>>> print(open('run_0.cif').read())   # mmCIF, C-alpha atoms
data_target
#
loop_
_atom_site.label_atom_id
_atom_site.label_comp_id
_atom_site.auth_asym_id
_atom_site.auth_seq_id
_atom_site.Cartn_x
_atom_site.Cartn_y
_atom_site.Cartn_z
CA MET A 29 223.95 -78.60 19.83
CA VAL A 30 227.63 -79.51 19.66
CA GLY A 31 229.81 -76.47 19.20
CA PHE A 32 227.36 -73.96 20.63
CA GLY A 33 228.61 -72.40 23.83
CA ASP A 34 231.22 -74.87 25.03
CA ILE A 35 229.10 -77.99 24.40
CA PRO A 36 231.56 -80.72 23.29
CA ALA A 37 231.00 -83.75 21.10
CA ILE A 38 232.62 -85.89 23.79
CA TYR A 39 232.55 -84.89 27.44
CA PRO A 40 235.88 -85.12 29.35
CA LEU A 41 234.12 -85.87 32.63
CA CYS A 42 234.89 -89.53 33.42
CA SER A 43 238.49 -89.85 34.58
CA ILE A 44 237.88 -91.88 37.74
CA GLY A 45 236.13 -94.86 36.20
CA ARG A 46 238.68 -95.39 33.47
CA GLN A 47 241.28 -97.26 35.55
CA PHE A 48 240.20 -100.32 37.47
CA SER A 49 240.89 -103.96 38.27
CA THR A 50 239.08 -106.81 36.58
CA ALA A 51 238.97 -110.53 37.26
CA VAL A 52 240.81 -112.73 34.74
CA LEU A 53 241.92 -116.32 34.44
CA SER A 54 245.67 -116.98 34.56
CA PHE A 55 247.68 -120.10 33.86
CA THR A 56 249.75 -121.36 36.74
CA SER A 57 252.30 -122.59 34.16
CA PRO A 58 252.81 -121.95 30.43
CA ALA A 59 250.20 -123.69 28.32
CA SER A 60 250.81 -125.22 24.92
CA PRO A 61 248.74 -123.51 22.20
CA SER A 62 248.03 -126.96 20.76
CA SER A 63 246.74 -128.20 24.10
CA PRO A 64 244.29 -125.65 25.50
CA PRO A 65 243.02 -126.28 29.00
CA SER A 66 239.79 -128.19 29.25
CA PRO A 67 237.29 -127.91 32.12
CA THR A 68 237.34 -130.61 34.73
CA GLY A 69 234.91 -131.47 37.46
CA SER A 70 236.08 -128.57 39.60
CA ARG A 71 232.81 -126.74 38.97
CA SER A 72 229.73 -128.89 39.24
CA PHE A 73 226.25 -127.83 38.16
CA GLU A 74 224.62 -130.87 39.70
CA GLY A 75 221.83 -129.76 41.95
CA ALA A 76 222.58 -126.14 41.13
CA THR A 77 218.95 -125.13 41.31
CA ASP A 78 218.63 -126.03 44.95
CA ASP A 79 222.14 -126.02 46.36
CA SER A 80 224.31 -122.94 45.84
CA ARG A 81 227.31 -124.87 47.11
CA SER A 82 227.37 -126.71 43.78
CA PHE A 83 228.80 -123.54 42.27
CA GLN A 84 231.69 -123.16 44.68
CA ILE A 85 235.15 -123.19 43.14
CA PRO A 86 237.74 -125.14 45.18
CA SER A 87 240.97 -123.51 46.35
CA ASP A 88 244.49 -124.85 46.19
CA VAL A 89 246.86 -124.94 49.14
CA ASN A 90 247.73 -121.26 48.63
CA GLY A 91 244.13 -120.18 48.72
CA GLU A 92 244.01 -119.37 44.99
CA LYS A 93 240.89 -120.35 43.08
CA LEU A 94 241.42 -123.39 40.85
CA VAL A 95 239.12 -123.23 37.85
CA SER A 96 240.22 -125.68 35.18
CA SER A 97 243.12 -127.85 34.03
CA ALA A 98 244.27 -129.76 30.98
CA ALA A 99 243.66 -133.50 30.76
CA ASP A 100 247.18 -134.19 31.97
CA GLY A 101 246.90 -131.60 34.74
CA SER A 102 249.70 -129.47 33.32
CA ALA A 103 247.75 -126.26 32.62
CA GLU A 104 245.85 -125.33 35.73
CA THR A 105 244.29 -121.90 35.87
CA VAL A 106 243.62 -119.56 38.75
CA VAL A 107 241.53 -116.44 39.17
CA GLY A 108 243.70 -113.35 39.12
CA ARG A 109 243.40 -109.60 38.65
CA MET A 110 244.35 -107.35 35.79
CA GLU A 111 244.84 -103.59 36.04
CA VAL A 112 242.97 -101.94 33.17
CA LEU A 113 242.97 -98.45 31.65
CA ARG A 114 239.94 -97.99 29.38
CA LEU A 115 240.12 -95.22 26.77
CA SER A 116 237.72 -93.98 24.12
CA GLU A 117 238.29 -94.05 20.39
CA ASP A 118 236.67 -92.21 17.49
CA GLN A 119 236.68 -92.97 13.80
CA GLY A 120 238.69 -90.30 12.07
CA THR A 121 238.91 -89.44 8.40
CA GLY A 122 240.03 -92.21 6.07
CA ASN A 123 239.07 -94.87 8.65
CA ILE A 124 242.04 -93.88 10.78
CA PRO A 125 241.15 -94.30 14.48
CA VAL A 126 241.64 -91.35 16.77
CA ARG A 127 242.52 -92.09 20.41
CA GLY A 128 240.43 -90.22 22.95
CA GLY A 129 241.57 -88.55 26.13
CA PRO A 130 241.95 -90.26 29.52
CA SER A 131 238.67 -88.82 30.83
CA ASP A 132 236.42 -88.93 27.76
CA CYS A 133 232.97 -90.39 28.27
CA TYR A 134 229.92 -90.96 26.14
CA TRP A 135 226.21 -90.55 26.72
CA GLY A 136 224.79 -92.36 29.72
CA GLU A 137 228.05 -92.86 31.60
CA LEU A 138 228.61 -91.91 35.23
CA THR A 139 230.75 -88.78 35.43
CA ASP A 140 233.22 -87.91 38.17
CA LEU A 141 230.68 -85.47 39.59
CA GLY A 142 228.12 -88.26 39.58
CA ARG A 143 230.53 -90.39 41.57
CA GLN A 144 231.01 -87.58 44.07
CA SER A 145 227.25 -87.16 44.43
CA THR A 146 226.59 -90.86 45.02
CA LEU A 147 229.53 -91.08 47.42
CA THR A 148 227.98 -88.18 49.35
CA LEU A 149 224.60 -89.92 49.39
CA GLY A 150 226.21 -92.98 50.94
CA ALA A 151 227.95 -90.80 53.52
CA ARG A 152 224.63 -89.20 54.45
CA LEU A 153 223.10 -92.63 54.96
CA ARG A 154 226.05 -93.50 57.19
CA ALA A 155 225.67 -90.29 59.20
CA LEU A 156 222.03 -91.17 59.89
CA TYR A 157 221.95 -94.95 60.28
CA VAL A 158 225.44 -95.62 61.68
CA ASP A 159 226.60 -92.49 63.51
CA GLN A 160 223.32 -90.98 64.71
CA LEU A 161 220.98 -93.93 65.22
CA GLY A 162 223.40 -96.86 65.60
CA PHE A 163 220.98 -98.78 63.38
CA LEU A 164 223.69 -100.32 61.21
CA PRO A 165 227.18 -101.66 62.05
CA SER A 166 230.20 -99.42 61.53
CA SER A 167 231.75 -101.72 58.93
CA LEU A 168 230.10 -103.87 56.28
CA PRO A 169 229.91 -107.38 57.75
CA ASP A 170 230.99 -110.39 55.71
CA LEU A 171 227.80 -112.39 56.10
CA PRO A 172 225.60 -114.50 53.82
CA PRO A 173 222.66 -112.53 52.38
CA ALA A 174 220.11 -114.14 54.71
CA SER A 175 222.05 -112.93 57.77
CA SER A 176 223.15 -109.49 56.55
CA PRO A 177 221.52 -106.28 57.81
CA VAL A 178 221.96 -104.68 54.36
CA ALA A 179 221.15 -105.64 50.78
CA PHE A 180 222.31 -103.98 47.57
CA ARG A 181 220.72 -104.28 44.15
CA SER A 182 221.19 -102.50 40.82
CA THR A 183 219.81 -102.58 37.33
CA GLY A 184 222.20 -103.91 34.72
CA MET A 185 223.34 -100.50 33.44
CA PRO A 186 227.02 -99.68 34.10
CA ARG A 187 226.16 -96.25 35.51
CA THR A 188 223.73 -97.65 38.09
CA ILE A 189 226.19 -100.37 39.14
CA GLU A 190 228.97 -97.78 39.51
CA SER A 191 226.59 -95.50 41.42
CA LEU A 192 225.81 -98.35 43.80
CA HIS A 193 229.53 -98.95 44.35
CA GLN A 194 230.00 -95.30 45.29
CA ILE A 195 227.01 -95.34 47.66
CA VAL A 196 228.42 -98.41 49.42
CA GLN A 197 231.83 -96.72 49.67
CA GLY A 198 230.25 -93.72 51.40
CA LEU A 199 228.06 -95.89 53.63
CA PHE A 200 230.70 -98.47 54.56
CA PRO A 201 234.25 -97.18 53.91
CA GLU A 202 235.45 -100.14 56.00
CA ARG A 203 234.38 -103.64 54.93
CA ASP A 204 235.03 -107.07 56.37
CA GLY A 205 234.68 -108.78 52.98
CA PRO A 206 233.62 -108.24 49.39
CA VAL A 207 230.55 -106.14 48.60
CA GLN A 208 227.70 -108.40 47.52
CA TYR A 209 225.08 -106.94 45.20
CA VAL A 210 222.54 -108.48 42.84
CA VAL A 211 221.45 -107.71 39.28
CA ARG A 212 218.39 -109.33 37.78
CA ASN A 213 217.99 -110.71 34.28
CA ALA A 214 216.58 -107.98 32.03
CA MET A 215 213.47 -110.08 31.40
CA ASP A 216 212.71 -110.07 35.14
CA GLU A 217 213.84 -106.54 36.00
CA SER A 218 211.30 -104.65 38.11
CA LEU A 219 213.33 -101.60 39.13
CA TYR A 220 212.06 -99.68 36.10
CA PRO A 221 209.08 -99.90 33.74
CA ASN A 222 210.14 -102.97 31.82
CA SER A 223 209.52 -102.65 28.08
CA MET A 224 209.89 -106.42 27.75
CA CYS A 225 206.15 -106.39 28.53
CA ALA A 226 204.55 -105.88 25.10
CA ARG A 227 201.31 -104.49 26.52
CA MET A 228 203.08 -101.95 28.72
CA ARG A 229 205.31 -100.95 25.82
CA ARG A 230 202.27 -100.32 23.61
CA LEU A 231 200.53 -98.25 26.29
CA ASP A 232 203.72 -96.24 26.80
CA GLU A 233 204.10 -95.53 23.08
CA GLU A 234 200.46 -94.43 22.82
CA SER A 235 200.87 -92.14 25.83
CA ALA A 236 204.00 -90.54 24.33
CA LYS A 237 202.17 -89.88 21.06
CA ARG A 238 199.28 -88.23 22.93
CA ALA A 239 201.73 -86.12 24.92
CA ALA A 240 203.36 -84.93 21.70
CA LEU A 241 200.02 -83.91 20.22
CA THR A 242 198.99 -82.15 23.43
CA TRP A 243 202.21 -80.46 24.49
CA ASN A 244 204.13 -79.76 21.29
CA PRO A 245 202.22 -76.48 20.87
CA SER A 246 203.66 -75.30 24.21
CA LEU A 247 207.16 -75.84 22.79
CA ALA A 248 206.54 -73.98 19.53
CA PRO A 249 207.43 -70.56 21.02
CA LEU A 250 210.92 -71.94 21.77
CA ASP A 251 211.65 -72.45 18.08
CA SER A 252 212.69 -68.83 17.56
CA LEU A 253 214.92 -68.97 20.63
CA ILE A 254 216.77 -72.29 20.42
CA GLY A 255 215.68 -73.85 17.13
CA LYS A 256 218.88 -72.54 15.54
CA TYR A 257 220.94 -74.75 17.83
CA ILE A 258 219.22 -77.97 16.74
CA ASN A 259 218.51 -77.07 13.11
CA GLY A 260 214.78 -77.54 13.50
CA PRO A 261 211.73 -77.12 15.70
CA VAL A 262 211.68 -78.03 19.40
CA ARG A 263 209.27 -80.92 19.82
CA ILE A 264 208.66 -83.90 22.11
CA ASP A 265 209.04 -86.19 19.10
CA GLY A 266 211.54 -83.99 17.24
CA HIS A 267 215.13 -84.61 16.17
CA PRO A 268 216.68 -84.26 18.66
CA ARG A 269 213.83 -84.96 21.06
CA ALA A 270 212.95 -82.42 23.71
CA ASN A 271 214.17 -84.76 26.47
CA GLY A 272 217.57 -85.01 24.72
CA ILE A 273 217.87 -81.22 24.64
CA LEU A 274 216.95 -80.98 28.32
CA ASP A 275 219.42 -83.72 29.31
CA THR A 276 222.24 -82.06 27.39
CA VAL A 277 221.63 -78.68 29.01
CA MET A 278 221.30 -80.16 32.50
CA VAL A 279 224.60 -82.06 32.15
CA CYS A 280 226.36 -78.92 30.99
CA LEU A 281 224.94 -76.72 33.74
CA ALA A 282 225.83 -79.28 36.43
CA HIS A 283 229.43 -79.50 35.18
CA LYS A 284 229.90 -75.75 34.64
CA ILE A 285 230.03 -76.11 30.85
CA ARG A 286 228.92 -72.94 29.11
CA VAL A 287 225.68 -73.22 27.12
CA PRO A 288 224.04 -70.65 24.81
CA LYS A 289 222.66 -67.74 26.82
CA GLU A 290 219.06 -68.66 25.96
CA PHE A 291 219.31 -71.62 28.32
CA ASP A 292 219.98 -69.32 31.25
CA ASP A 293 216.25 -68.54 31.19
CA GLU A 294 214.55 -70.63 33.90
CA LYS A 295 211.19 -70.10 32.21
CA LEU A 296 212.51 -71.74 29.05
CA LEU A 297 213.89 -74.70 31.02
CA GLU A 298 210.59 -75.08 32.88
CA THR A 299 208.71 -75.18 29.58
CA LEU A 300 211.02 -77.93 28.31
CA GLU A 301 210.81 -79.83 31.58
CA ASN A 302 207.01 -79.68 31.68
CA ALA A 303 206.69 -81.19 28.21
CA VAL A 304 209.22 -83.93 28.97
CA VAL A 305 207.49 -84.85 32.23
CA HIS A 306 204.20 -85.29 30.37
CA GLU A 307 205.92 -87.43 27.74
CA TRP A 308 207.45 -89.78 30.30
CA PHE A 309 204.79 -89.96 32.99
CA ASP A 310 201.32 -89.25 31.57
CA GLY A 311 200.96 -92.98 31.04
CA TYR A 312 200.43 -93.37 34.80
CA GLN A 313 196.99 -91.80 34.42
CA SER A 314 196.02 -95.29 33.25
CA PRO A 315 195.66 -97.71 36.19
CA GLU A 316 196.59 -100.55 33.84
CA PHE A 317 199.85 -98.89 32.85
CA ALA A 318 200.68 -98.06 36.48
CA LYS A 319 200.20 -101.70 37.47
CA LEU A 320 202.29 -103.03 34.60
CA ALA A 321 205.04 -100.45 35.08
CA MET A 322 205.42 -100.42 38.87
CA GLY A 323 203.26 -103.23 40.20
CA ARG A 324 206.06 -105.77 40.57
CA LEU A 325 208.42 -103.33 42.27
CA LEU A 326 205.79 -102.08 44.70
CA GLY A 327 204.82 -105.70 45.31
CA ASP A 328 208.44 -106.50 46.19
CA LEU A 329 208.61 -103.53 48.56
CA LYS A 330 205.31 -104.44 50.20
CA ALA A 331 206.42 -108.03 50.74
CA ALA A 332 209.70 -106.87 52.31
CA LEU A 333 207.88 -104.57 54.72
CA GLU A 334 205.38 -107.28 55.63
CA ARG A 335 208.23 -109.66 56.47
CA LYS A 336 209.68 -107.08 58.84
CA VAL A 337 206.34 -106.48 60.53
CA ALA A 338 205.89 -110.23 61.00
CA ASP A 339 209.38 -110.60 62.56
CA PRO A 340 209.87 -107.57 64.87
CA PHE A 341 212.71 -109.26 66.81
CA GLU A 342 214.58 -110.20 63.64
CA VAL A 343 214.61 -113.91 64.38
CA LYS A 344 214.73 -114.73 60.67
CA ASP A 345 214.67 -111.46 58.76
CA LYS A 346 217.88 -109.59 59.59
CA LEU A 347 217.54 -106.98 56.82
CA ARG A 348 217.53 -103.36 57.98
CA LEU A 349 218.48 -101.40 54.89
CA ALA A 350 218.04 -102.21 51.20
CA VAL A 351 219.61 -99.94 48.58
CA ASN A 352 218.32 -100.17 45.02
CA SER A 353 220.30 -98.30 42.36
CA CYS A 354 217.98 -97.52 39.47
CA HIS A 355 216.78 -94.65 37.26
CA ASP A 356 214.85 -91.39 37.28
CA THR A 357 212.01 -93.21 35.53
CA SER A 358 212.02 -95.66 38.46
CA LEU A 359 211.57 -92.95 41.08
CA GLY A 360 209.11 -91.02 38.95
CA GLY A 361 207.21 -94.24 38.38
CA ILE A 362 206.98 -95.02 42.10
CA LEU A 363 205.80 -91.50 42.92
CA ASN A 364 203.23 -91.59 40.13
CA ALA A 365 201.94 -95.01 41.15
CA LEU A 366 201.56 -93.76 44.74
CA ASN A 367 199.92 -90.57 43.47
CA VAL A 368 202.48 -88.26 45.13
CA PHE A 369 204.37 -87.06 42.05
CA ASP A 370 204.93 -83.28 41.95
CA SER A 371 205.46 -83.21 38.16
CA ARG A 372 209.08 -82.12 38.44
CA TRP A 373 212.08 -83.72 36.75
CA ARG A 374 214.85 -83.97 39.34
CA ARG A 375 218.05 -82.75 37.76
CA LEU A 376 220.79 -84.48 39.76
CA LEU A 377 220.88 -87.67 41.83
CA PRO A 378 217.21 -88.05 42.72
CA ALA A 379 216.66 -90.43 45.63
CA SER A 380 213.67 -91.55 47.67
CA MET A 381 213.43 -93.44 50.93
CA LEU A 382 210.69 -95.78 52.07
CA VAL A 383 210.89 -96.14 55.86
CA LEU A 384 209.01 -98.58 58.10
CA PRO A 385 208.35 -96.68 61.38
#
>>> encode(input="run_0.cif", output="C-alpha cells")
Amino acid sequence: MVGFGDIPAIYPLCSIGRQFSTAVLSFTSPASPSSPPSPTGSRSFEGATDDSRSFQIPSDVNGEKLVSSAADGSAETVVGRMEVLRLSEDQGTGNIPVRGGPSDCYWGELTDLGRQSTLTLGARLRALYVDQLGFLPSSLPDLPPASSPVAFRSTGMPRTIESLHQIVQGLFPERDGPVQYVVRNAMDESLYPNSMCARMRRLDEESAKRAALTWNPSLAPLDSLIGKYINGPVRIDGHPRANGILDTVMVCLAHKIRVPKEFDDEKLLETLENAVVHEWFDGYQSPEFAKLAMGRLLGDLKAALERKVADPFEVKDKLRLAVNSCHDTSLGGILNALNVFDSRWRRLLPASMLVLP
C-alpha cells in the first residue's frame, strides 16, 4: 500500500522517543586496554533467591555506584548516564546505507500521538483518583513495592514500556524517587495470550484457519475496490493479511495521513474489522482456549482483589491502583473470557478498568 494516497514506507511520527538518557558504566580513571577491569565482590549473588539485599551495589563517598575494579584497584567503574539520539537507517542501492530522519519510526513503535494519548490517560486517572477522590497521593512516593499504593507492570515490548512511562507521567508528574515497574520473563508473561504454550498456540492457529474459511467470502467483494492497492485479493490469510491492511489504514487516519478514497467508506472498514475480530478472537469460543489464554491473568487479578477484601484496613496490603501496560489482544482476551466482548476492534488506546467497590 506504500505510495497510494500519502502512505509512506517509513512513518515520520516518532520524534519524541528518539532522544533519551541511558545508563552506562564509566571508568573513574583511564583504564589500560591490556588490563580490563575485573569484577570484585562488590555484587554478591549469595542468597540472592531469598534476600534482595544481596543484589545491592555499594556507593562510594560521593554517592556514586561502585560496580567493579581491576585487581590493583586502579580502574574502578561507576554508573553514569549517556545522552543518546537514536536514528533509523535503510539499506540503499549498492549496499550504501541511507540515514533516516530524526522522527522516522518502524512498525510497532509508539508514535508521538500515542505518547500524547497515554499521557492523557494518566492525567485522567490523576483527575479521578488524586484530585477528585483523594484516593492516591499527589506525588509518587518513594516506597518499597510492599508499602506502595501503586504498582506498574508492562509486557516486554518497547511500545508498552514507553506507554507505561507516559501514563505514569500523566498520573504522577511529581515523583519522590525513581519509577519502579516490573516486566516478566516472556516464558511467564500472562498479560497476553502467551504462545509459549504449545497447546494454546495450536488452538489459536486452528481457530485462525477456521476464521479464514468462514469469513474470507465476506472480504471477496472488497477485491474490486482495494485489491489494486495490495496487488491481490483481500483475505484474512492473504499477503498482506487483512489485519495488516486494517492496521495501516487506522494508523494513517489517526495521524491525518491521506489514504485512498475507498478507505473513507465506513462500511468497508467495518467489513475489514469484522473479519479481523473473528480471526483474533473466535478462539475464545473454546473454554479450553479461554483458560489457556487468559486464565493466569484473571487468576492474578482475582488473587489481588481477594487480598484487598481480606485486608480492608490495609494493614498489610497497601496497594490501591495497579496499572498494566499490555496489548489490544490482552483487553480483547479479558473481555472475551468474561463474555462481555462487543466484537469491536478499538482503534486507539483501548483501556479497561477493573474496580473493587
>>> resolve_selection(input="run_0.cif", expression="the PyMOL selection byres ((chain A and resi 198) around 10)", output="list in words")
Gln144, Thr146, Leu147, Thr148, Leu149, Gly150, Ala151, Arg152, Leu153, Arg154, Ala155, Leu192, His193, Gln194, Ile195, Val196, Gln197, Leu199, Phe200, Pro201 and Glu202 of chain A
>>> residues_around(input="run_0.cif", residues="Cys225 (chain A)", least_positions_apart="2", cutoff="12 Å", atoms="all atoms listed in the file", output="list in words")
Ala214, Met215, Asp216, Glu217, Ser218, Tyr220, Pro221, Asn222, Ser223, Arg227, Met228, Arg229, Arg230, Leu231, Asp232, Phe317, Lys319, Leu320, Ala321 and Met322 of chain A
>>> axis_aligned_box(input="run_0.cif", around="region 131-144 of chain A", padding_each_side="6 Å", output="JSON")
{"center_x": 231.7, "center_y": -89.2, "center_z": 35.1, "size_x": 25.9, "size_y": 19.4, "size_z": 29.9}
>>> resolve_selection(input="run_0.cif", expression="the PyMOL selection byres ((chain A and resi 257) around 12)", output="CSV table (one decimal) with C-alpha atoms, in the coordinates of the input")
chain,number,residue,atom,x,y,z
A,29,MET,CA,224.0,-78.6,19.8
A,30,VAL,CA,227.6,-79.5,19.7
A,31,GLY,CA,229.8,-76.5,19.2
A,32,PHE,CA,227.4,-74.0,20.6
A,33,GLY,CA,228.6,-72.4,23.8
A,35,ILE,CA,229.1,-78.0,24.4
A,250,LEU,CA,210.9,-71.9,21.8
A,251,ASP,CA,211.6,-72.4,18.1
A,252,SER,CA,212.7,-68.8,17.6
A,253,LEU,CA,214.9,-69.0,20.6
A,254,ILE,CA,216.8,-72.3,20.4
A,255,GLY,CA,215.7,-73.8,17.1
A,256,LYS,CA,218.9,-72.5,15.5
A,258,ILE,CA,219.2,-78.0,16.7
A,259,ASN,CA,218.5,-77.1,13.1
A,260,GLY,CA,214.8,-77.5,13.5
A,261,PRO,CA,211.7,-77.1,15.7
A,262,VAL,CA,211.7,-78.0,19.4
A,267,HIS,CA,215.1,-84.6,16.2
A,268,PRO,CA,216.7,-84.3,18.7
A,273,ILE,CA,217.9,-81.2,24.6
A,277,VAL,CA,221.6,-78.7,29.0
A,287,VAL,CA,225.7,-73.2,27.1
A,288,PRO,CA,224.0,-70.6,24.8
A,289,LYS,CA,222.7,-67.7,26.8
A,290,GLU,CA,219.1,-68.7,26.0
A,291,PHE,CA,219.3,-71.6,28.3
>>> atom_distance(input="run_0.cif", atom1="CA of Ser371 (chain A)", atom2="CA of His306 (chain A)")
8.2 Å
